[in-house]
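Below: one structure, written as C-alpha cells.
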Amino acid sequence: MPVPTRLPSHRLLFAAVAVTGLALVTACGGPADAARPPAVAHPAAISPQVDTERTTRVTYDLGDTAYAPPGLDGQLTELRAAVTYPRELGTGKHPLVVMLHGWADTCQAGDKPVRPYAWPCGGDARPVDNYLGYSYLADALAEKGYVVVSVSANGIQAHETKRGDVARAGLLDEHLRMWQQLSEGKGPLRALGQLAGRVDPDRAGTLGHSRGGGGVLSEVLDSHARVPGVNIRATMAFAPAMNGIDAAKERISRVPLTVVAGTCDAMWDDSKIPLAMAAGNPNARHVELKGGNHNYFNTVWTPGSGPAFATDDVAVEHRDLAGGRCRSTNGTGDPVRLGPAEQRRAAIDAATAFFDAHLK
C-alpha cells in the first residue's frame, strides 16, 4: 500500500545492489539455505469454508512465527494462505496458482495502522489481511478450474532489510513444498483432504504484486533452485518492485513471463526491468494498463474496500488531475484513470488468459 516515503525505497534498494555489486546469499544455495529449518510437520489449522455459487475458500494457518525464510536474518514469518478452488472438483487434477502480495502495513489497532511495522502483532492489534486483497482474482481463476493459494507475508514486510526478494521467494517455495506434499496426501496441509491428490504441482503458476512481484520474479530466476516435484510453468507480475534483485546479473529465460503495469503507477519504470532480464525469452511480454494505478490491484489497499488507512497512490503522490485523469508516469500524457472495478476486470482478463495459455 505505497505512500510517498515508500515508493522511492524500492528504487533505492535496486540501485544499491546494482551499483555496489553486493554479494549476498541467494535462495538457491549457501548458508541461508543450510540454516533453513525443515518443513513444518504439525498439521495446519483450517478455517471454516466460505462458498460462493461456484467456488469455495478456506484458510490454512501454521502460526505467525512458523517459518524462518532465507534473507531475513533469522526473523520469523507466518505460514498462512487463503485457498480458493472450484466447488465442483470433478475428476482429475487441477492446475495450481500461488499469489503473493506486496509491501504494506502489517498490523492495525482499530482503524489505524501500527507503525513502525511489527510482527507478530502485539496488544490489541491484529494483522492486516493483505493476502485477501486478491480474492476477486482467486474467484475468477477458481471458476475456470484452478486451485488458487494467496499467501500472507506480513512477517517479511515487518523484518526485511536488503533482500526481501530472497525471503519472499523462500516463502513461496515453502508453500509450494507443502502443496507438493499434499499432492501425495502428506504434509502439514493434509487436513485439506478434499484437495489431496487433486492438485497438479507439475502445472504451477505464480502471480505477485509490487514487492510480491519481485518475489515471484526471484523465484523463477535461472539461478534459483526449483522445489523438487514442482514445475512453475508461468509467472505474472503486477507492477513489480525489484526489491534486491541484481538485474544486471540475473536472467529469466526458462519460464513464460508477463508483467502488467499501469500508466498512472510510479512503478512504471521498474516494471520494465524484468523484460531486460528476460531478453531472449520468447514468452516474455509487458502489458500496458492505460490509466491504471498501483493499489487498485489489491482490494485491501483500495479506499472504500480496504481499511480506513487504505490510499489511492496517485492522489497521495499528487499526480491526480481534474476530470478523472492522472499525470502519466510513462510520458504518454494525461490518461483517464481506471476505477477500481475497471482495473480489477483488466487484471482478471490478463491473468486468466495468461494462465490458460500456459497451464491448461
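Residues are referred to by chain and number: the chain letter is A, B, ... according to the order shown in the C-alpha cells, the number counts from 1 in that chain, and ligands are numbered separately from 1 in the order shown.
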
Hey, what does DSSP flag as strand (DSSP E or B) within stretch 164-262 of chain A? Can you give it to me as a short mmCIF file (atom, residue, chain, number, x, y, z; two decimals) with N, CA and C atoms, in the first residue's frame?
```cif
data_model
loop_
_atom_site.label_atom_id
_atom_site.label_comp_id
_atom_site.auth_asym_id
_atom_site.auth_seq_id
_atom_site.Cartn_x
_atom_site.Cartn_y
_atom_site.Cartn_z
N VAL A 199 -4.50 -31.65 -6.87
CA VAL A 199 -3.75 -30.51 -7.40
C VAL A 199 -2.52 -31.04 -8.13
N ASP A 200 -2.24 -30.47 -9.28
CA ASP A 200 -1.13 -30.92 -10.12
C ASP A 200 0.07 -29.98 -9.96
N PRO A 201 1.07 -30.34 -9.15
CA PRO A 201 2.23 -29.45 -8.98
C PRO A 201 3.11 -29.35 -10.22
N ASP A 202 2.84 -30.18 -11.22
CA ASP A 202 3.57 -30.06 -12.48
C ASP A 202 3.01 -28.96 -13.36
N ARG A 203 1.83 -28.42 -12.97
CA ARG A 203 1.23 -27.31 -13.70
C ARG A 203 0.98 -26.16 -12.71
N ALA A 204 2.08 -25.54 -12.28
CA ALA A 204 2.00 -24.46 -11.29
C ALA A 204 2.33 -23.13 -11.94
N GLY A 205 1.65 -22.10 -11.45
CA GLY A 205 1.93 -20.73 -11.87
C GLY A 205 2.03 -19.84 -10.65
N THR A 206 2.68 -18.69 -10.80
CA THR A 206 2.80 -17.74 -9.71
C THR A 206 2.41 -16.35 -10.18
N LEU A 207 1.86 -15.57 -9.25
CA LEU A 207 1.47 -14.20 -9.55
C LEU A 207 1.79 -13.34 -8.34
N GLY A 208 2.51 -12.24 -8.54
CA GLY A 208 2.85 -11.35 -7.44
C GLY A 208 2.60 -9.91 -7.80
N HIS A 209 2.34 -9.10 -6.78
CA HIS A 209 2.05 -7.68 -6.94
C HIS A 209 3.05 -6.88 -6.11
N ILE A 232 7.05 -24.75 -12.16
CA ILE A 232 6.43 -23.45 -12.40
C ILE A 232 6.50 -23.18 -13.90
N ARG A 233 5.33 -23.18 -14.53
CA ARG A 233 5.26 -23.04 -15.98
C ARG A 233 4.91 -21.63 -16.43
N ALA A 234 4.56 -20.72 -15.50
CA ALA A 234 4.16 -19.37 -15.90
C ALA A 234 4.22 -18.45 -14.68
N THR A 235 4.72 -17.23 -14.90
CA THR A 235 4.83 -16.24 -13.83
C THR A 235 4.31 -14.89 -14.34
N MET A 236 3.46 -14.27 -13.52
CA MET A 236 2.90 -12.96 -13.84
C MET A 236 3.20 -12.00 -12.70
N ALA A 237 3.57 -10.78 -13.02
CA ALA A 237 3.87 -9.76 -12.01
C ALA A 237 3.07 -8.50 -12.31
N PHE A 238 2.34 -8.02 -11.32
CA PHE A 238 1.65 -6.74 -11.40
C PHE A 238 2.55 -5.68 -10.76
N LEU A 257 6.73 -15.30 -18.96
CA LEU A 257 6.60 -14.18 -18.03
C LEU A 257 5.77 -13.07 -18.65
N THR A 258 4.79 -12.57 -17.90
CA THR A 258 4.06 -11.37 -18.29
C THR A 258 4.08 -10.38 -17.14
N VAL A 259 4.41 -9.15 -17.45
CA VAL A 259 4.41 -8.05 -16.48
C VAL A 259 3.32 -7.07 -16.88
N VAL A 260 2.47 -6.71 -15.92
CA VAL A 260 1.37 -5.76 -16.15
C VAL A 260 1.62 -4.53 -15.29
N ALA A 261 1.52 -3.35 -15.88
CA ALA A 261 1.74 -2.12 -15.11
C ALA A 261 0.87 -1.00 -15.65
N GLY A 262 0.37 -0.17 -14.74
CA GLY A 262 -0.47 0.95 -15.11
C GLY A 262 0.33 2.19 -15.47
#
```

*asked:* Would you pick out the contacts of stretch 264-277 of chain A at 6 Å or less, using only C-alpha atoms, so that residues sharing its chain but fewer than 2 positions from it are not included, and give the list as a list in words?
replied: Ala239, Pro240, Arg251, Ile252, Gly262, Ala279, Gly291, Gly292, Asn293, His294, Ser328 and Thr329 of chain A

*Choose the residue, out of A:Glu184, A:Val147, A:Leu72, A:Gly102, that has the smallest atom-to-atom separation from A:Gly164; count only C-alpha atoms.*
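When distances to A:Gly164 are compared using only C-alpha atoms, the smallest one comes from A:Leu72.
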
*Determine the nearest neighbour of A:Ser152 from the options A:Trp103, A:Trp301, A:Tyr136, A:Tyr296, counting only C-alpha atoms.*
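Checking each of A:Trp103, A:Trp301, A:Tyr136, A:Tyr296 against A:Ser152, counting only C-alpha atoms, the winner is A:Trp103.
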
*asked:* At a cut-off of 12 Å, using only C-alpha atoms, what residues contact A:Leu182? Leave out same-chain residues fewer than 3 positions from it and give the result as JSON, numbers by chain.
replied: {"A": [43, 44, 175, 176, 177, 178, 179, 185, 186, 187, 188, 189, 190, 191, 192, 193, 194, 195, 196, 197, 198, 199, 200, 201, 229, 230]}

_Counting only C-alpha atoms, which residue out of A:Thr352, A:Leu338, A:Pro127, A:Gly324 sits closest to A:Glu143?_
A:Thr352

*Would you work out the distance separating atom CA of A:Ser253 from atom CA of A:Leu217, expressed in Å to one decimal?*
11.4 Å
